[in-house]
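Below: one structure, written as structure tokens.
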Amino acid sequence: MMAPLQGFVVLTLPALALLLARYFKPVAWVGPVVVCYLAGILLGNLPGLGLQPAVSLSVGEAAVPLAIPLLLFATDMPRWMRLARSTLLSFVLACVAAMVSAALVGLAFASRSDEWWKMAGMLVGVYTGGTANMNAVGLALQVREETFVLLNTADIVVGTAYFLFLVTVAQRLVLLFLPRFTNPAPWSEPQEGDAVQAAFFTRARVRGMGLSLLLAVAICALSAGAAYGVLGRLDVAAALLLITTLSLAASLIRAVRTLPGSAELGDYALLVFCVAFGTLADVRQLQQAGISVFAFCFCVQMLAVVLHFGLAALFRIDADTVLITSTATIFGPAFIGPVARALRNRELLVSGMTTGLMGIALGTYLGLAVSWLLRP
């Protein structure tokens with residue numbers, strides 16, 4: 001396949017996935033991320049297509065640095081200081097639990113993979129922040145392509161099981177050892193959801209997306225230039241840390257923070273990454289190494305959840321706050337709404353969204369820190 005055509009397919013497949021998710025319930029249930037990964041893997045393993053790995057690699061490596069500022073622009077840092085003590089404490093405990101569990105499981109799996117310390121850092125990134133942090137840590141540490149795909153796939157499978165737990169029996173179970181939330185605000189269904197969806201592509205939103213993209217490109221270029229100027233080479237880790245820092249600084253400007261559509265554009269960039277790196281997956285390699293990576297991911301997530309809940313019990317944090325901060329760190333802001341609805345507690349929406357954005361802001365720092373501490 002010619003390079004321009006391959007690039008066009010990788011860039012446009014996420015739009016098709018989002019369209020299908022909107023009109024077909026089975027696709028919406030599976031999620032656009034899974035659909036994009038599967039589509040990429042299918043394309044990469046179809047005989048006769050002749051995909052060029054260099055094209056997919058270039059597109060994927062460009063998508064993550066762009067996604068980070070687009071997702072962080074909406075961060076309301078002043079609001080962090082106004083969060084309830086229990087919410088902040090639960091968030092910190094969730095981050096500590098993720099870091100400790102990744103380190104312990106990584107050391108236990110050290111003999112099974114030469115990239116165990118990199119995978120530990122990537123899982124810290126995703127279990128404190130989100131997929132963007134996971135992939136940023138992986139890019140910074142130059143993780144092999146097959147490890148990227150395996151770990152992302154394992155995270156999706158393990159995460160789906162935990163999400164089903166959160167929206168079904170989690171509240172009843174954790175109430176056995178955690179106190180009840182005091183005076184929750186009852187959940188009320190939105191009345192104009194269809195009208196909001198219909199107005200997605202308004203002139204203001206398209207303009208906001210354009211300005212967000214231009215600012216994100218400028219921050220990426222400035223960060224890459226600064227890293228090159230200081231170190232004499234383009235160090236990916238330094239560039240990504242600069243991108244994160246500058247993006248958080250930009251979010252302090254209200255005009256930037258309120259740009260409509262920036263978060264959606266960031267999500268789209270992540271879907272492009274999913275397709276691009278899916279095409280690099282060799283099914284034969286996935287079959288050979290998959291079980292070990294899935295076990296690694298499962299152990300890290302389950303131990304992180306158990307540690308978080310145990311620490312929360314010691315500090316007597318209420319059940320709803322623990323569950324919503326667990327959702328914020330492991331899944332990110334996009335999953336706060338469904339879990340808050342399952343908990344029947346509207347009051348958790350703001351704190352959940354804010355801690356989710358906090359996790360995205362900190363995830364790359366924490367993931368790289370753990371990897372560098374564990375590095376043999």
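Starting from 1 in every chain, residues are counted up; chains themselves are A, B, ... following the order of the structure tokens, and ligands are numbered from 1 as listed.
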Taking 6 positions as the minimum chain separation for residues in the same chain, which residues sit within 8 Å of region 46-60 of chain A when counting only C-alpha atoms? Answer as a ChimeraX atom specification. /A:1-3,6-7,10,272-274,276-277,279-280
May I have the residues within 7 Å of region 87-96 of chain A as a list in words, using only C-alpha atoms and disregarding those fewer than 6 positions away in the same chain? Thr128, His308, Leu311, Ala312, Thr321, Val322, Thr325, Ser326 and Thr355 of chain A
Neighbouring residues of region 239-254 of chain A were defined as those with any atom within 10 Å, considering only C-alpha atoms; residues of the same chain fewer than 5 positions away were excluded. Please report them as a PDB file with N, CA, C and O atoms, in the first residue's frame.
```pdb
ATOM      1  N   VAL A  64       0.488  10.611  19.991  1.00  0.00           N
ATOM      2  CA  VAL A  64       0.511  10.714  21.461  1.00  0.00           C
ATOM      3  C   VAL A  64       0.963  12.094  21.936  1.00  0.00           C
ATOM      4  O   VAL A  64       0.305  12.696  22.798  1.00  0.00           O
ATOM      5  N   PRO A  65       2.083  12.643  21.431  1.00  0.00           N
ATOM      6  CA  PRO A  65       2.459  13.993  21.869  1.00  0.00           C
ATOM      7  C   PRO A  65       1.386  15.038  21.586  1.00  0.00           C
ATOM      8  O   PRO A  65       1.232  15.992  22.365  1.00  0.00           O
ATOM      9  N   LEU A  66       0.626  14.871  20.521  1.00  0.00           N
ATOM     10  CA  LEU A  66      -0.470  15.798  20.236  1.00  0.00           C
ATOM     11  C   LEU A  66      -1.640  15.585  21.195  1.00  0.00           C
ATOM     12  O   LEU A  66      -2.308  16.534  21.607  1.00  0.00           O
ATOM     13  N   ILE A  68      -1.607  14.619  24.327  1.00  0.00           N
ATOM     14  CA  ILE A  68      -1.364  15.059  25.704  1.00  0.00           C
ATOM     15  C   ILE A  68      -1.824  16.501  25.935  1.00  0.00           C
ATOM     16  O   ILE A  68      -2.624  16.764  26.847  1.00  0.00           O
ATOM     17  N   PRO A  69      -1.365  17.487  25.155  1.00  0.00           N
ATOM     18  CA  PRO A  69      -1.858  18.849  25.399  1.00  0.00           C
ATOM     19  C   PRO A  69      -3.348  19.004  25.147  1.00  0.00           C
ATOM     20  O   PRO A  69      -4.032  19.726  25.890  1.00  0.00           O
ATOM     21  N   LEU A  70      -3.877  18.342  24.134  1.00  0.00           N
ATOM     22  CA  LEU A  70      -5.301  18.458  23.841  1.00  0.00           C
ATOM     23  C   LEU A  70      -6.148  17.973  25.017  1.00  0.00           C
ATOM     24  O   LEU A  70      -7.207  18.539  25.319  1.00  0.00           O
ATOM     25  N   LEU A  71      -5.695  16.928  25.698  1.00  0.00           N
ATOM     26  CA  LEU A  71      -6.427  16.414  26.851  1.00  0.00           C
ATOM     27  C   LEU A  71      -6.221  17.274  28.095  1.00  0.00           C
ATOM     28  O   LEU A  71      -7.112  17.404  28.932  1.00  0.00           O
ATOM     29  N   LEU A  72      -5.036  17.869  28.221  1.00  0.00           N
ATOM     30  CA  LEU A  72      -4.709  18.623  29.434  1.00  0.00           C
ATOM     31  C   LEU A  72      -5.219  20.057  29.413  1.00  0.00           C
ATOM     32  O   LEU A  72      -5.303  20.690  30.468  1.00  0.00           O
ATOM     33  N   PHE A  73      -5.537  20.593  28.242  1.00  0.00           N
ATOM     34  CA  PHE A  73      -5.987  21.979  28.164  1.00  0.00           C
ATOM     35  C   PHE A  73      -7.213  22.230  29.043  1.00  0.00           C
ATOM     36  O   PHE A  73      -7.413  23.330  29.557  1.00  0.00           O
ATOM     37  N   ALA A  74      -8.068  21.221  29.208  1.00  0.00           N
ATOM     38  CA  ALA A  74      -9.308  21.405  29.972  1.00  0.00           C
ATOM     39  C   ALA A  74      -9.101  21.282  31.481  1.00  0.00           C
ATOM     40  O   ALA A  74     -10.051  21.412  32.246  1.00  0.00           O
ATOM     41  N   THR A  75      -7.873  21.032  31.919  1.00  0.00           N
ATOM     42  CA  THR A  75      -7.606  20.856  33.349  1.00  0.00           C
ATOM     43  C   THR A  75      -7.839  22.154  34.106  1.00  0.00           C
ATOM     44  O   THR A  75      -7.282  23.192  33.771  1.00  0.00           O
ATOM     45  N   ASP A  76      -8.650  22.067  35.160  1.00  0.00           N
ATOM     46  CA  ASP A  76      -8.921  23.237  36.013  1.00  0.00           C
ATOM     47  C   ASP A  76      -8.075  23.090  37.282  1.00  0.00           C
ATOM     48  O   ASP A  76      -8.542  22.615  38.315  1.00  0.00           O
ATOM     49  N   MET A  77      -6.818  23.525  37.209  1.00  0.00           N
ATOM     50  CA  MET A  77      -5.902  23.335  38.338  1.00  0.00           C
ATOM     51  C   MET A  77      -6.354  24.050  39.617  1.00  0.00           C
ATOM     52  O   MET A  77      -6.230  23.496  40.710  1.00  0.00           O
ATOM     53  N   PRO A  78      -6.894  25.289  39.538  1.00  0.00           N
ATOM     54  CA  PRO A  78      -7.367  25.918  40.783  1.00  0.00           C
ATOM     55  C   PRO A  78      -8.428  25.099  41.513  1.00  0.00           C
ATOM     56  O   PRO A  78      -8.513  25.121  42.735  1.00  0.00           O
ATOM     57  N   ASN A 133      -1.053   8.520  28.924  1.00  0.00           N
ATOM     58  CA  ASN A 133       0.129   8.416  29.781  1.00  0.00           C
ATOM     59  C   ASN A 133       0.858   7.099  29.553  1.00  0.00           C
ATOM     60  O   ASN A 133       2.091   7.053  29.502  1.00  0.00           O
ATOM     61  N   ALA A 136       2.658   7.423  26.317  1.00  0.00           N
ATOM     62  CA  ALA A 136       3.748   8.390  26.430  1.00  0.00           C
ATOM     63  C   ALA A 136       4.950   7.775  27.140  1.00  0.00           C
ATOM     64  O   ALA A 136       6.099   7.963  26.719  1.00  0.00           O
ATOM     65  N   VAL A 137       4.690   7.034  28.210  1.00  0.00           N
ATOM     66  CA  VAL A 137       5.783   6.362  28.933  1.00  0.00           C
ATOM     67  C   VAL A 137       6.446   5.336  28.027  1.00  0.00           C
ATOM     68  O   VAL A 137       7.683   5.227  27.971  1.00  0.00           O
ATOM     69  N   LEU A 139       6.595   5.305  24.729  1.00  0.00           N
ATOM     70  CA  LEU A 139       7.391   5.989  23.707  1.00  0.00           C
ATOM     71  C   LEU A 139       8.684   6.536  24.296  1.00  0.00           C
ATOM     72  O   LEU A 139       9.751   6.450  23.691  1.00  0.00           O
ATOM     73  N   ALA A 140       8.585   7.100  25.496  1.00  0.00           N
ATOM     74  CA  ALA A 140       9.770   7.668  26.128  1.00  0.00           C
ATOM     75  C   ALA A 140      10.815   6.602  26.424  1.00  0.00           C
ATOM     76  O   ALA A 140      12.022   6.855  26.337  1.00  0.00           O
ATOM     77  N   LEU A 215      -2.354  25.210  18.967  1.00  0.00           N
ATOM     78  CA  LEU A 215      -1.612  25.402  20.215  1.00  0.00           C
ATOM     79  C   LEU A 215      -0.873  24.127  20.605  1.00  0.00           C
ATOM     80  O   LEU A 215       0.270  24.177  21.077  1.00  0.00           O
ATOM     81  N   ALA A 216      -1.511  22.968  20.411  1.00  0.00           N
ATOM     82  CA  ALA A 216      -0.863  21.693  20.729  1.00  0.00           C
ATOM     83  C   ALA A 216       0.365  21.475  19.860  1.00  0.00           C
ATOM     84  O   ALA A 216       1.422  21.039  20.342  1.00  0.00           O
ATOM     85  N   ALA A 218       2.170  23.806  18.463  1.00  0.00           N
ATOM     86  CA  ALA A 218       3.184  24.771  18.895  1.00  0.00           C
ATOM     87  C   ALA A 218       3.906  24.292  20.152  1.00  0.00           C
ATOM     88  O   ALA A 218       5.136  24.395  20.261  1.00  0.00           O
ATOM     89  N   ILE A 219       3.160  23.739  21.114  1.00  0.00           N
ATOM     90  CA  ILE A 219       3.767  23.240  22.344  1.00  0.00           C
ATOM     91  C   ILE A 219       4.681  22.047  22.050  1.00  0.00           C
ATOM     92  O   ILE A 219       5.789  21.944  22.593  1.00  0.00           O
ATOM     93  N   CYS A 220       4.241  21.160  21.173  1.00  0.00           N
ATOM     94  CA  CYS A 220       5.073  20.005  20.811  1.00  0.00           C
ATOM     95  C   CYS A 220       6.364  20.455  20.130  1.00  0.00           C
ATOM     96  O   CYS A 220       7.457  19.945  20.429  1.00  0.00           O
ATOM     97  N   ALA A 221       6.243  21.414  19.212  1.00  0.00           N
ATOM     98  CA  ALA A 221       7.427  21.901  18.500  1.00  0.00           C
ATOM     99  C   ALA A 221       8.388  22.604  19.461  1.00  0.00           C
ATOM    100  O   ALA A 221       9.610  22.399  19.404  1.00  0.00           O
ATOM    101  N   LEU A 222       7.840  23.438  20.352  1.00  0.00           N
ATOM    102  CA  LEU A 222       8.671  24.151  21.319  1.00  0.00           C
ATOM    103  C   LEU A 222       9.370  23.174  22.258  1.00  0.00           C
ATOM    104  O   LEU A 222      10.566  23.334  22.565  1.00  0.00           O
ATOM    105  N   SER A 223       8.662  22.155  22.714  1.00  0.00           N
ATOM    106  CA  SER A 223       9.237  21.168  23.627  1.00  0.00           C
ATOM    107  C   SER A 223      10.335  20.365  22.946  1.00  0.00           C
ATOM    108  O   SER A 223      11.407  20.135  23.529  1.00  0.00           O
ATOM    109  N   ALA A 224      10.077  19.933  21.719  1.00  0.00           N
ATOM    110  CA  ALA A 224      11.096  19.177  20.980  1.00  0.00           C
ATOM    111  C   ALA A 224      12.333  20.036  20.734  1.00  0.00           C
ATOM    112  O   ALA A 224      13.472  19.573  20.882  1.00  0.00           O
ATOM    113  N   GLY A 225      12.111  21.319  20.370  1.00  0.00           N
ATOM    114  CA  GLY A 225      13.231  22.221  20.131  1.00  0.00           C
ATOM    115  C   GLY A 225      14.034  22.487  21.394  1.00  0.00           C
ATOM    116  O   GLY A 225      15.276  22.511  21.370  1.00  0.00           O
ATOM    117  N   ALA A 226      13.337  22.654  22.523  1.00  0.00           N
ATOM    118  CA  ALA A 226      14.039  22.906  23.785  1.00  0.00           C
ATOM    119  C   ALA A 226      14.838  21.688  24.220  1.00  0.00           C
ATOM    120  O   ALA A 226      15.988  21.810  24.687  1.00  0.00           O
ATOM    121  N   ALA A 227      14.247  20.488  24.078  1.00  0.00           N
ATOM    122  CA  ALA A 227      14.966  19.268  24.450  1.00  0.00           C
ATOM    123  C   ALA A 227      16.216  19.090  23.587  1.00  0.00           C
ATOM    124  O   ALA A 227      17.288  18.723  24.080  1.00  0.00           O
ATOM    125  N   TYR A 228      16.065  19.370  22.299  1.00  0.00           N
ATOM    126  CA  TYR A 228      17.206  19.237  21.387  1.00  0.00           C
ATOM    127  C   TYR A 228      18.286  20.286  21.701  1.00  0.00           C
ATOM    128  O   TYR A 228      19.489  19.998  21.685  1.00  0.00           O
ATOM    129  N   LEU A 234      17.300  14.794  20.216  1.00  0.00           N
ATOM    130  CA  LEU A 234      15.864  14.795  20.496  1.00  0.00           C
ATOM    131  C   LEU A 234      15.557  13.652  21.460  1.00  0.00           C
ATOM    132  O   LEU A 234      15.298  12.525  21.051  1.00  0.00           O
ATOM    133  N   LEU A 259     -11.585  26.219  25.690  1.00  0.00           N
ATOM    134  CA  LEU A 259     -11.697  25.959  24.254  1.00  0.00           C
ATOM    135  C   LEU A 259     -12.567  24.721  24.038  1.00  0.00           C
ATOM    136  O   LEU A 259     -12.246  23.636  24.523  1.00  0.00           O
ATOM    137  N   ILE A 360      -4.298  12.294  34.624  1.00  0.00           N
ATOM    138  CA  ILE A 360      -3.692  12.467  33.300  1.00  0.00           C
ATOM    139  C   ILE A 360      -2.495  13.408  33.387  1.00  0.00           C
ATOM    140  O   ILE A 360      -1.473  13.207  32.723  1.00  0.00           O
ATOM    141  N   ALA A 361      -2.611  14.425  34.240  1.00  0.00           N
ATOM    142  CA  ALA A 361      -1.508  15.375  34.392  1.00  0.00           C
ATOM    143  C   ALA A 361      -0.289  14.740  35.047  1.00  0.00           C
ATOM    144  O   ALA A 361       0.856  15.068  34.708  1.00  0.00           O
ATOM    145  N   LEU A 362      -0.515  13.819  35.991  1.00  0.00           N
ATOM    146  CA  LEU A 362       0.589  13.255  36.765  1.00  0.00           C
ATOM    147  C   LEU A 362       1.079  11.902  36.250  1.00  0.00           C
ATOM    148  O   LEU A 362       2.189  11.483  36.576  1.00  0.00           O
ATOM    149  N   GLY A 363       0.253  11.207  35.464  1.00  0.00           N
ATOM    150  CA  GLY A 363       0.548   9.829  35.092  1.00  0.00           C
ATOM    151  C   GLY A 363       1.893   9.626  34.416  1.00  0.00           C
ATOM    152  O   GLY A 363       2.620   8.666  34.708  1.00  0.00           O
ATOM    153  N   THR A 364       2.254  10.506  33.499  1.00  0.00           N
ATOM    154  CA  THR A 364       3.528  10.359  32.786  1.00  0.00           C
ATOM    155  C   THR A 364       4.704  10.525  33.735  1.00  0.00           C
ATOM    156  O   THR A 364       5.683   9.762  33.680  1.00  0.00           O
ATOM    157  N   TYR A 365       4.617  11.522  34.620  1.00  0.00           N
ATOM    158  CA  TYR A 365       5.689  11.725  35.603  1.00  0.00           C
ATOM    159  C   TYR A 365       5.858  10.484  36.487  1.00  0.00           C
ATOM    160  O   TYR A 365       6.976  10.001  36.698  1.00  0.00           O
ATOM    161  N   LEU A 368       7.188   7.264  34.496  1.00  0.00           N
ATOM    162  CA  LEU A 368       8.621   7.338  34.199  1.00  0.00           C
ATOM    163  C   LEU A 368       9.451   7.216  35.471  1.00  0.00           C
ATOM    164  O   LEU A 368      10.520   6.587  35.474  1.00  0.00           O
TER     165      LEU A 368
END
```
Per-residue nearest contacts of region 31-139 of chain A to region 329-350 of chain A (7 Å; only C-alpha atoms) as a Markdown table:
```
| residue | atom | partner | partner_atom | distance |
| --- | --- | --- | --- | --- |
| A:Val126 | CA | A:Ile330 | CA | 6.4 |
| A:Tyr127 | CA | A:Ile330 | CA | 4.2 |
| A:Thr128 | CA | A:Thr329 | CA | 4.4 |
| A:Gly129 | CA | A:Thr329 | CA | 5.3 |
| A:Gly130 | CA | A:Gly332 | CA | 5.7 |
```
Using only C-alpha atoms, determine which residues lie at most 10 Å from region 146-157 of chain A, disregarding the query and same-chain residues fewer than 6 positions distant; provide the list as a PyMOL selection string. chain A and resi 30-31+33-34+37-38+41+115+118-119+122-123+126-127+131+134-135+138-139+274+277-283+285-287+289-298+301+330-331
If I take CA of Trp117 (chain A) and CA of Met302 (chain A), how far is one from the other in Å, to one decimal?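 Going from CA of Trp117 (chain A) over to CA of Met302 (chain A), I get 18.2 Å.
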Point-to-point distance from CA of Leu164 (chain A) to CA of Ala108 (chain A), Å rounded to tenths: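 CA of Ala108 (chain A) lies at a distance of 27.9 Å from CA of Leu164 (chain A).
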Quote the spacing between CA of Gly356 (chain A) and CA of Ile324 (chain A) in Å to one decimal place.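 About the pair CA of Gly356 (chain A) and CA of Ile324 (chain A): they are 9.3 Å apart.
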